[in-house]
Amino acid sequence: MNVEKITPFQFGCMCFAFMSGFSTLYLLEAKLIMHDVWIAIIAATIATLFLVQLLVYIQRQFADMNLSDIIITVFGNWVGKLVLCLYLLGMTGLGVLSLRSISLFYTTAILPNTSPGLIMAIVLLVTTYAAYLGLSSISRAALVILPFFAVAMLVISVFIFDDVESNPFMPQFQNALPLIVYSSMISFGFPFGKTSVFAFVFSEITNQKKLVKSCTTAAIFSCVYLLMSTYLAIGCLGEYMFKTAAFPFFSSIQLVKFGENIERIEIMIIGIWTILTLFEIIIVQYCFVKIVGRIFGAKNLSSLYLPVGAIFFAVSMKSFDNPAKLVAYDVKILPFSIILPSIILPLILGCILWVKKSRKNQMDIQNS
Amino acid sequence: MIEYLVLTFVVVYGSWKSTLLWKKFQRSEAIVVCVLSLVAACYLLPVIGNWIPTTETFNTFLYQSISEFVMRSFHIVQEVSPS
């Protein structure tokens, strides 16, 4: 299997594509606290920046080792493999949520008579092949698509901005603190908490000194994109329409028209959205295969991508059979289920490494 | 229909690829392909597939009570619903 390393810039672009995929699809945290949503999004971004620092600190202790190897080295063989299984569970959850979201969106907005299973199968065929091609190809594809995404979003935003009549983020502090904290947790669960998946590809980056810069830039851009989309969607649709729309940002994009002749601009945005969501599934599949290979001690991973794609399809078919379950899971369960793989496990790992390092330094001082 | 197609594919691919890898003395790879294909096939089987827990059921079982406790403690009213 060809393992080519990628540059920090490519990694940053991939990180942004991964985090921003379908982040503006439901805008659930905004539906919960409306005007104060900016506080929740910024708080979730700050938490992500701390998480990035922690993950990079862990990676720096073992220069060229993959996070799966680090986990097994620190926790020992069996406990380490158990921890990796927890990550596999988390990644399956993320992949299933993305697949179900994309199929729900397509069956609701564009292809009402197509079965969700067929949409998921087609998506998985593409993502499995992309994951098989490797990180280098994935990052090059991200580099190609991101300029189109940036230009399209800027143009659309300028046109939606014409319809914004008042500042939707005012008046501030209208909600109780617990509700704002809970909304921050929702925002961290989707999309920012997915950052921990990226730690599994840290070792495949050429210049690891620029890891923090790449991840931080990607997280900040994701935050800006999410804030911008929320601002425009609330401002354009109004509070009532925003709360009742299944896909508020999509509804606001539908209002954009270029003159009398060009309409249905949202189709172009849907295409770009879909590609970004594919990146999310591709990276999750790629990391899943890497971890499975590490657990079983397999060296040649090329034959694992198809069965892993089949597992993602099979689990997706048995999960979230109606939209209400999907939204309820995103609001009630995901903010809590993301804490273990994204916060607790990296914190434990970081603490163990810090204690070990301190002890080693003390020993060195005593010996000298 | 699509589920049966994928099930057939997984069974054929899993058995073919794991046999091939076993013969090439790539034993670990053969076992992983076999295990992964088996997991996918079990989920896709008509009756057994509905019994096996998914990430949705597993996480809901683990975190439902914590979520309800937090929401009750902080008086958070569930306002978001799919339209």
# chains A, B, ... in the order shown; residues from 1 in each chain; ligands from 1
>>> select_by_dssp(residues="chain B", states="alpha helix (DSSP H)", output="JSON, numbers by chain")
{"B": [2, 3, 4, 5, 6, 7, 8, 9, 10, 11, 12, 13, 14, 15, 16, 17, 18, 19, 20, 21, 22, 23, 27, 28, 29, 30, 31, 32, 33, 34, 35, 36, 37, 38, 39, 40, 41, 42, 43, 44, 48, 49, 50, 51, 55, 56, 57, 58, 59, 60, 61, 62, 63, 64, 65, 66, 67, 68, 69, 70, 71, 72, 73]}
>>> write_last_selection(atoms="C-alpha atoms", output="PDB file, in the first residue's frame")
ATOM      1  CA  ILE B   2     -30.090  -3.478  -2.229  1.00  0.00           C
ATOM      2  CA  GLU B   3     -29.395  -5.093   1.160  1.00  0.00           C
ATOM      3  CA  TYR B   4     -29.476  -8.593  -0.385  1.00  0.00           C
ATOM      4  CA  LEU B   5     -27.185  -7.467  -3.185  1.00  0.00           C
ATOM      5  CA  VAL B   6     -24.639  -6.130  -0.705  1.00  0.00           C
ATOM      6  CA  LEU B   7     -25.037  -9.263   1.446  1.00  0.00           C
ATOM      7  CA  THR B   8     -24.294 -11.510  -1.535  1.00  0.00           C
ATOM      8  CA  PHE B   9     -21.331  -9.359  -2.500  1.00  0.00           C
ATOM      9  CA  VAL B  10     -19.911  -9.385   1.035  1.00  0.00           C
ATOM     10  CA  VAL B  11     -20.218 -13.163   1.382  1.00  0.00           C
ATOM     11  CA  VAL B  12     -18.620 -13.820  -2.026  1.00  0.00           C
ATOM     12  CA  TYR B  13     -15.877 -11.196  -1.595  1.00  0.00           C
ATOM     13  CA  GLY B  14     -15.135 -12.190   2.004  1.00  0.00           C
ATOM     14  CA  SER B  15     -14.769 -15.897   1.304  1.00  0.00           C
ATOM     15  CA  TRP B  16     -12.827 -15.384  -1.955  1.00  0.00           C
ATOM     16  CA  LYS B  17     -10.426 -12.762  -0.598  1.00  0.00           C
ATOM     17  CA  SER B  18      -9.766 -14.452   2.739  1.00  0.00           C
ATOM     18  CA  THR B  19      -9.021 -17.782   0.988  1.00  0.00           C
ATOM     19  CA  LEU B  20      -6.678 -15.994  -1.414  1.00  0.00           C
ATOM     20  CA  LEU B  21      -4.849 -14.192   1.398  1.00  0.00           C
ATOM     21  CA  TRP B  22      -4.638 -17.396   3.484  1.00  0.00           C
ATOM     22  CA  LYS B  23      -2.988 -19.211   0.563  1.00  0.00           C
ATOM     23  CA  ARG B  27      -2.863 -14.933   7.723  1.00  0.00           C
ATOM     24  CA  SER B  28      -3.656 -11.749   9.719  1.00  0.00           C
ATOM     25  CA  GLU B  29      -5.113 -10.045   6.655  1.00  0.00           C
ATOM     26  CA  ALA B  30      -7.186 -13.146   5.826  1.00  0.00           C
ATOM     27  CA  ILE B  31      -8.629 -13.223   9.358  1.00  0.00           C
ATOM     28  CA  VAL B  32      -9.468  -9.499   9.327  1.00  0.00           C
ATOM     29  CA  VAL B  33     -11.243  -9.742   5.940  1.00  0.00           C
ATOM     30  CA  CYS B  34     -13.168 -12.759   7.203  1.00  0.00           C
ATOM     31  CA  VAL B  35     -14.182 -11.061  10.484  1.00  0.00           C
ATOM     32  CA  LEU B  36     -15.200  -7.778   8.812  1.00  0.00           C
ATOM     33  CA  SER B  37     -17.222  -9.591   6.127  1.00  0.00           C
ATOM     34  CA  LEU B  38     -18.922 -11.688   8.806  1.00  0.00           C
ATOM     35  CA  VAL B  39     -19.875  -8.585  10.810  1.00  0.00           C
ATOM     36  CA  ALA B  40     -21.305  -6.890   7.694  1.00  0.00           C
ATOM     37  CA  ALA B  41     -23.158 -10.081   6.686  1.00  0.00           C
ATOM     38  CA  CYS B  42     -24.663 -10.501  10.169  1.00  0.00           C
ATOM     39  CA  TYR B  43     -26.042  -6.950  10.077  1.00  0.00           C
ATOM     40  CA  LEU B  44     -27.531  -7.550   6.635  1.00  0.00           C
ATOM     41  CA  ILE B  48     -30.329 -11.539  13.084  1.00  0.00           C
ATOM     42  CA  GLY B  49     -29.565  -8.057  11.719  1.00  0.00           C
ATOM     43  CA  ASN B  50     -32.411  -6.519  13.715  1.00  0.00           C
ATOM     44  CA  TRP B  51     -31.134  -7.993  16.997  1.00  0.00           C
ATOM     45  CA  THR B  55     -24.022   2.534  17.374  1.00  0.00           C
ATOM     46  CA  GLU B  56     -27.403   4.260  17.654  1.00  0.00           C
ATOM     47  CA  THR B  57     -28.901   1.695  20.048  1.00  0.00           C
ATOM     48  CA  PHE B  58     -25.638   1.237  21.966  1.00  0.00           C
ATOM     49  CA  ASN B  59     -25.039   4.967  22.534  1.00  0.00           C
ATOM     50  CA  THR B  60     -28.715   5.594  23.283  1.00  0.00           C
ATOM     51  CA  PHE B  61     -28.611   2.797  25.894  1.00  0.00           C
ATOM     52  CA  LEU B  62     -25.441   4.262  27.453  1.00  0.00           C
ATOM     53  CA  TYR B  63     -26.198   7.968  27.368  1.00  0.00           C
ATOM     54  CA  GLN B  64     -30.003   8.312  27.379  1.00  0.00           C
ATOM     55  CA  SER B  65     -30.238   8.438  31.175  1.00  0.00           C
ATOM     56  CA  ILE B  66     -27.334  10.912  31.485  1.00  0.00           C
ATOM     57  CA  SER B  67     -28.877  13.112  28.805  1.00  0.00           C
ATOM     58  CA  GLU B  68     -32.297  13.074  30.490  1.00  0.00           C
ATOM     59  CA  PHE B  69     -30.709  13.811  33.886  1.00  0.00           C
ATOM     60  CA  VAL B  70     -28.777  16.792  32.520  1.00  0.00           C
ATOM     61  CA  MET B  71     -31.788  18.159  30.679  1.00  0.00           C
ATOM     62  CA  ARG B  72     -33.969  17.758  33.765  1.00  0.00           C
ATOM     63  CA  SER B  73     -31.374  19.294  36.109  1.00  0.00           C
TER      64      SER B  73
END
>>> interface_residues(of="chain A", to="chain B", cutoff="8 Å", atoms="only C-alpha atoms", output="PyMOL selection string")
chain A and resi 28+31-32+89-90+92-93+117-118+178-179+243-246+292-293+296-301+303-304+307-308+310-311+314-315+318-320+323-324+327-329+331-333+336-337
>>> write_last_selection(atoms="C-alpha atoms", output="PDB file, in the first residue's frame")
ATOM      1  CA  LEU A  28     -29.693  22.507  15.651  1.00  0.00           C
ATOM      2  CA  LYS A  31     -32.789  26.317  16.673  1.00  0.00           C
ATOM      3  CA  LEU A  32     -32.358  25.846  20.412  1.00  0.00           C
ATOM      4  CA  LEU A  89     -17.372   2.584  17.661  1.00  0.00           C
ATOM      5  CA  GLY A  90     -17.199   6.382  17.602  1.00  0.00           C
ATOM      6  CA  THR A  92     -18.845   4.042  12.935  1.00  0.00           C
ATOM      7  CA  GLY A  93     -21.279   6.410  14.634  1.00  0.00           C
ATOM      8  CA  GLY A 117     -30.339   2.498   0.780  1.00  0.00           C
ATOM      9  CA  LEU A 118     -29.492   3.128  -2.863  1.00  0.00           C
ATOM     10  CA  PRO A 178     -27.214  26.046  31.139  1.00  0.00           C
ATOM     11  CA  LEU A 179     -29.036  26.233  27.804  1.00  0.00           C
ATOM     12  CA  LYS A 243     -37.196  26.976  13.511  1.00  0.00           C
ATOM     13  CA  THR A 244     -39.689  25.125  11.346  1.00  0.00           C
ATOM     14  CA  ALA A 245     -37.437  24.535   8.317  1.00  0.00           C
ATOM     15  CA  ALA A 246     -35.799  21.101   8.273  1.00  0.00           C
ATOM     16  CA  VAL A 292      -8.653  -2.293  12.385  1.00  0.00           C
ATOM     17  CA  GLY A 293      -5.326  -3.149  10.725  1.00  0.00           C
ATOM     18  CA  PHE A 296      -5.291  -7.351  14.135  1.00  0.00           C
ATOM     19  CA  GLY A 297      -1.660  -6.639  13.230  1.00  0.00           C
ATOM     20  CA  ALA A 298      -2.394  -6.626   9.482  1.00  0.00           C
ATOM     21  CA  LYS A 299       0.211  -4.991   7.245  1.00  0.00           C
ATOM     22  CA  ASN A 300      -1.518  -5.027   3.842  1.00  0.00           C
ATOM     23  CA  LEU A 301      -4.715  -3.016   4.292  1.00  0.00           C
ATOM     24  CA  SER A 303      -8.279  -5.660   0.883  1.00  0.00           C
ATOM     25  CA  LEU A 304     -10.042  -4.259   3.984  1.00  0.00           C
ATOM     26  CA  PRO A 307     -15.682  -5.038   3.883  1.00  0.00           C
ATOM     27  CA  VAL A 308     -15.422  -1.833   5.963  1.00  0.00           C
ATOM     28  CA  ALA A 310     -20.091  -2.909   3.681  1.00  0.00           C
ATOM     29  CA  ILE A 311     -20.122  -2.575   7.498  1.00  0.00           C
ATOM     30  CA  ALA A 314     -25.109  -2.411   6.928  1.00  0.00           C
ATOM     31  CA  VAL A 315     -25.049  -0.404  10.189  1.00  0.00           C
ATOM     32  CA  LYS A 318     -30.281  -0.584  10.597  1.00  0.00           C
ATOM     33  CA  SER A 319     -29.948   2.887  12.196  1.00  0.00           C
ATOM     34  CA  PHE A 320     -32.107   6.029  12.221  1.00  0.00           C
ATOM     35  CA  PRO A 323     -35.691  11.641  10.521  1.00  0.00           C
ATOM     36  CA  ALA A 324     -37.060  12.251  14.032  1.00  0.00           C
ATOM     37  CA  VAL A 327     -32.445  14.741  14.953  1.00  0.00           C
ATOM     38  CA  ALA A 328     -33.221  13.466  18.479  1.00  0.00           C
ATOM     39  CA  TYR A 329     -29.892  11.583  18.487  1.00  0.00           C
ATOM     40  CA  VAL A 331     -29.567  16.795  20.047  1.00  0.00           C
ATOM     41  CA  LYS A 332     -29.785  14.375  22.989  1.00  0.00           C
ATOM     42  CA  ILE A 333     -27.164  11.643  22.600  1.00  0.00           C
ATOM     43  CA  PHE A 336     -22.617  13.130  25.434  1.00  0.00           C
ATOM     44  CA  SER A 337     -21.344  10.238  23.315  1.00  0.00           C
TER      45      SER A 337
END
>>> atom_distance(atom1="CA of Leu124 (chain A)", atom2="CA of Phe313 (chain A)")
7.2 Å
>>> residues_around(residues="Pro248 (chain A)", least_positions_apart="2", cutoff="9 Å", atoms="only C-alpha atoms", output="PyMOL selection string")
chain A and resi 24-27+230+233-234+237+241-246+250-253
>>> write_last_selection(atoms="N, CA, C and O atoms", output="tab-separated table (two decimals), in the first residue's frame")
chain	number	residue	atom	x	y	z
A	24	THR	N	-23.66	22.81	8.27
A	24	THR	CA	-24.73	23.80	8.20
A	24	THR	C	-26.07	23.18	7.80
A	24	THR	O	-27.00	23.90	7.46
A	25	LEU	N	-26.15	21.86	7.86
A	25	LEU	CA	-27.38	21.20	7.39
A	25	LEU	C	-28.57	21.47	8.32
A	25	LEU	O	-29.59	21.97	7.89
A	26	TYR	N	-28.44	21.13	9.60
A	26	TYR	CA	-29.58	21.26	10.51
A	26	TYR	C	-29.55	22.55	11.34
A	26	TYR	O	-30.58	23.08	11.69
A	27	LEU	N	-28.35	23.01	11.69
A	27	LEU	CA	-28.17	24.17	12.59
A	27	LEU	C	-29.00	24.01	13.87
A	27	LEU	O	-29.77	24.90	14.26
A	230	THR	N	-25.31	30.59	9.85
A	230	THR	CA	-26.38	30.76	10.83
A	230	THR	C	-26.94	32.18	10.76
A	230	THR	O	-28.15	32.39	10.77
A	233	ALA	N	-28.96	32.54	7.56
A	233	ALA	CA	-30.20	31.75	7.56
A	233	ALA	C	-31.25	32.36	8.48
A	233	ALA	O	-32.42	32.51	8.10
A	234	ILE	N	-30.84	32.75	9.72
A	234	ILE	CA	-31.82	33.37	10.64
A	234	ILE	C	-32.28	34.72	10.09
A	234	ILE	O	-33.46	35.03	10.07
A	237	LEU	N	-34.56	34.09	6.83
A	237	LEU	CA	-35.82	33.36	6.99
A	237	LEU	C	-36.71	33.93	8.10
A	237	LEU	O	-37.93	33.75	8.08
A	241	MET	N	-39.69	30.79	10.62
A	241	MET	CA	-39.35	29.96	9.45
A	241	MET	C	-38.06	29.15	9.71
A	241	MET	O	-37.95	27.99	9.32
A	242	PHE	N	-37.12	29.80	10.40
A	242	PHE	CA	-35.85	29.14	10.70
A	242	PHE	C	-36.08	27.91	11.58
A	242	PHE	O	-35.51	26.85	11.35
A	243	LYS	N	-36.96	28.09	12.59
A	243	LYS	CA	-37.20	26.98	13.51
A	243	LYS	C	-37.97	25.84	12.86
A	243	LYS	O	-37.79	24.67	13.20
A	244	THR	N	-38.85	26.17	11.94
A	244	THR	CA	-39.69	25.12	11.35
A	244	THR	C	-39.05	24.46	10.12
A	244	THR	O	-39.44	23.35	9.75
A	245	ALA	N	-38.07	25.13	9.51
A	245	ALA	CA	-37.44	24.53	8.32
A	245	ALA	C	-36.55	23.35	8.72
A	245	ALA	O	-35.82	23.44	9.71
A	246	ALA	N	-36.64	22.26	7.97
A	246	ALA	CA	-35.80	21.10	8.27
A	246	ALA	C	-34.33	21.41	7.99
A	246	ALA	O	-33.45	21.03	8.75
A	250	PHE	N	-30.27	25.68	3.63
A	250	PHE	CA	-30.69	25.27	2.29
A	250	PHE	C	-31.92	26.08	1.87
A	250	PHE	O	-32.01	26.56	0.72
A	251	SER	N	-32.86	26.27	2.80
A	251	SER	CA	-34.06	27.06	2.49
A	251	SER	C	-33.70	28.49	2.14
A	251	SER	O	-34.29	29.09	1.24
A	252	SER	N	-32.70	29.05	2.87
A	252	SER	CA	-32.32	30.43	2.56
A	252	SER	C	-31.60	30.53	1.22
A	252	SER	O	-31.78	31.51	0.49
A	253	ILE	N	-30.82	29.49	0.88
A	253	ILE	CA	-30.14	29.49	-0.43
A	253	ILE	C	-31.16	29.42	-1.56
A	253	ILE	O	-30.98	30.01	-2.63
>>> residues_around(residues="Ile220 (chain A)", least_positions_apart="4", cutoff="10 Å", atoms="only C-alpha atoms", output="VMD selection string")
chain A and resid 16 42 45 to 46 48 to 49 215 to 216 224 to 226
>>> residues_around(residues="Gln53 (chain A)", least_positions_apart="5", cutoff="12 Å", atoms="only C-alpha atoms", output="list of chain:residue names")
A:Ile46, A:Ala47, A:Thr48, A:Ile58, A:Gln59, A:Arg60, A:Thr195, A:Ser196, A:Ala199, A:Lys209, A:Lys210, A:Leu211, A:Val212, A:Lys213, A:Ser214, A:Cys215, A:Thr216, A:Ile343, A:Pro346, A:Leu347, A:Gly350
